[in-house]
Amino acid sequence: MVDLTALTRANADRWSKAKLTREAEFSRPAKVAVANKGRYLAIARQAGMPDIAWVFIAVSHYRESSQDFSKSLAQGDPWNGVSIHVPEGRGPFKSFEEAAVDALVRCSPFAAKLKDWSIGGMLTNLERFNGIGYANRGLPSAYVWSGTDQYKKGKFVADGVFDPNKVDAQLGCAGLILAMMELDPSIKFDGSAPQFQPKPVSASPSAQPVRDGIWLQNSLNRLGASPKLVLDGIVGPATRNAVRAFQLAAGIGVDGLTGPETFKAIDDALAAGKPVATLPVPPDIILPPPGTQAHADLAPTFWGRVLDLFKPKANR
């Protein structure tokens, strides 16, 4: 019988020391998890869990079904059929959300009943979600610690079958949470468990973060974008409008584009650690393409006259 209190202390201690050993591999699943925060948060609330439980759901989804929303949170079987893996006999369900609530509320270890939402408590419940076979052997759980220096080798290759030399190729929950915290600083845990502190960014250009759409949207959200941007990596009208609002507040050129001046202003604002008070700006105006009926209908209107004014001279 595992002492869960002792296991919680052990997991909190491992968390305080953990370092990622496969850091680059955590980037994509962390971005996907944070991008789907709203969906996981809604499930947590339906299950009667605190908001921080969305993190538990997100990392369980990665481990159990590789973030596939057509698979159940409980064991990775399709949720629209009856499950054949443990817990078996669940379903069919009408949606991923319904199946997830069932897994959290009605399946062992009944995660919805968890009271300790410190990092040690969450990691221990994640370990129990997978099974406490590792703890019974006095080992860190591959399910939790794979991809960090707290795990070396040893894996359950089937229910009840342990291979001491097998290395888990899938990433663990703890490392994924660390990577998610770098993207979403609002992730915090109750209790006295250690908190992850993001690594300082080196002055070396090679060590700078990848400035992709996810980075831009996450940065603007941290700086007070309103409404909050969906972290989908697509720099569409909403993201460009948030860029313009930031540029206006920062006192730099307002064009909705992210050139060196805008990147520097974002970096400076992030380093200051204070949200930027942004002002609302008009959204993108998207006109119908030429040759369509909607475009023809513009002719007698104000916008039709504007379009005519800016036609190339050769065509006039």
# chains A, B, ... in the order shown; residues from 1 in each chain; ligands from 1

call {"tool": "residues_around", "arguments": {"residues": "Met122 of chain A", "least_positions_apart": "5", "cutoff": "8 Å", "atoms": "only C-alpha atoms", "output": "number ranges by chain"}}
result
A: 56, 116-117

call {"tool": "select_by_dssp", "arguments": {"residues": "segment 77-222 of chain A", "states": "strand (DSSP E or B)", "output": "MDAnalysis selection string"}}
result
chainID A and resid 78 148 155:158 161:163

call {"tool": "write_last_selection", "arguments": {"atoms": "N, CA and C atoms", "output": "mmCIF file, in the first residue's frame"}}
result
data_model
loop_
_atom_site.group_PDB
_atom_site.id
_atom_site.type_symbol
_atom_site.label_atom_id
_atom_site.label_comp_id
_atom_site.auth_asym_id
_atom_site.auth_seq_id
_atom_site.Cartn_x
_atom_site.Cartn_y
_atom_site.Cartn_z
ATOM 1 N N PRO A 78 -11.941 5.488 -28.521
ATOM 2 C CA PRO A 78 -12.922 6.431 -29.092
ATOM 3 C C PRO A 78 -14.102 6.606 -28.141
ATOM 4 N N THR A 148 12.271 14.490 -18.233
ATOM 5 C CA THR A 148 12.997 15.303 -17.243
ATOM 6 C C THR A 148 14.120 14.465 -16.648
ATOM 7 N N LYS A 155 9.471 1.069 -17.579
ATOM 8 C CA LYS A 155 8.156 1.440 -18.102
ATOM 9 C C LYS A 155 7.233 0.226 -18.059
ATOM 10 N N PHE A 156 5.960 0.482 -17.748
ATOM 11 C CA PHE A 156 4.937 -0.540 -17.883
ATOM 12 C C PHE A 156 4.562 -0.603 -19.361
ATOM 13 N N VAL A 157 4.898 -1.704 -20.001
ATOM 14 C CA VAL A 157 4.652 -1.853 -21.434
ATOM 15 C C VAL A 157 3.265 -2.424 -21.712
ATOM 16 N N ALA A 158 2.588 -2.905 -20.682
ATOM 17 C CA ALA A 158 1.204 -3.378 -20.748
ATOM 18 C C ALA A 158 0.679 -3.371 -19.326
ATOM 19 N N VAL A 161 2.600 -5.264 -16.669
ATOM 20 C CA VAL A 161 3.854 -5.793 -17.215
ATOM 21 C C VAL A 161 4.905 -4.685 -17.217
ATOM 22 N N PHE A 162 5.948 -4.838 -16.373
ATOM 23 C CA PHE A 162 6.966 -3.801 -16.207
ATOM 24 C C PHE A 162 8.275 -4.253 -16.830
ATOM 25 N N ASP A 163 8.853 -3.395 -17.670
ATOM 26 C CA ASP A 163 10.165 -3.647 -18.275
ATOM 27 C C ASP A 163 11.147 -2.655 -17.658
#

call {"tool": "residues_around", "arguments": {"residues": "segment 85-95 of chain A", "least_positions_apart": "4", "cutoff": "8 Å", "atoms": "only C-alpha atoms", "output": "ChimeraX atom specification"}}
result
/A:74-75,77,79-81,99,107

call {"tool": "residues_around", "arguments": {"residues": "Ala271 of chain A", "least_positions_apart": "4", "cutoff": "12 Å", "atoms": "only C-alpha atoms", "output": "JSON, numbers by chain"}}
result
{"A": [200, 201, 219, 222, 223, 264, 265, 266, 267, 275, 276]}

call {"tool": "atom_distance", "arguments": {"atom1": "atom CA of Ser27 of chain A", "atom2": "atom CA of Gly48 of chain A"}}
result
29.7 Å

call {"tool": "closest_residue", "arguments": {"among": "A:Leu257, A:Val55, A:Ala44, A:Cys173", "to": "Asp102 of chain A", "atoms": "only C-alpha atoms"}}
result
A:Ala44
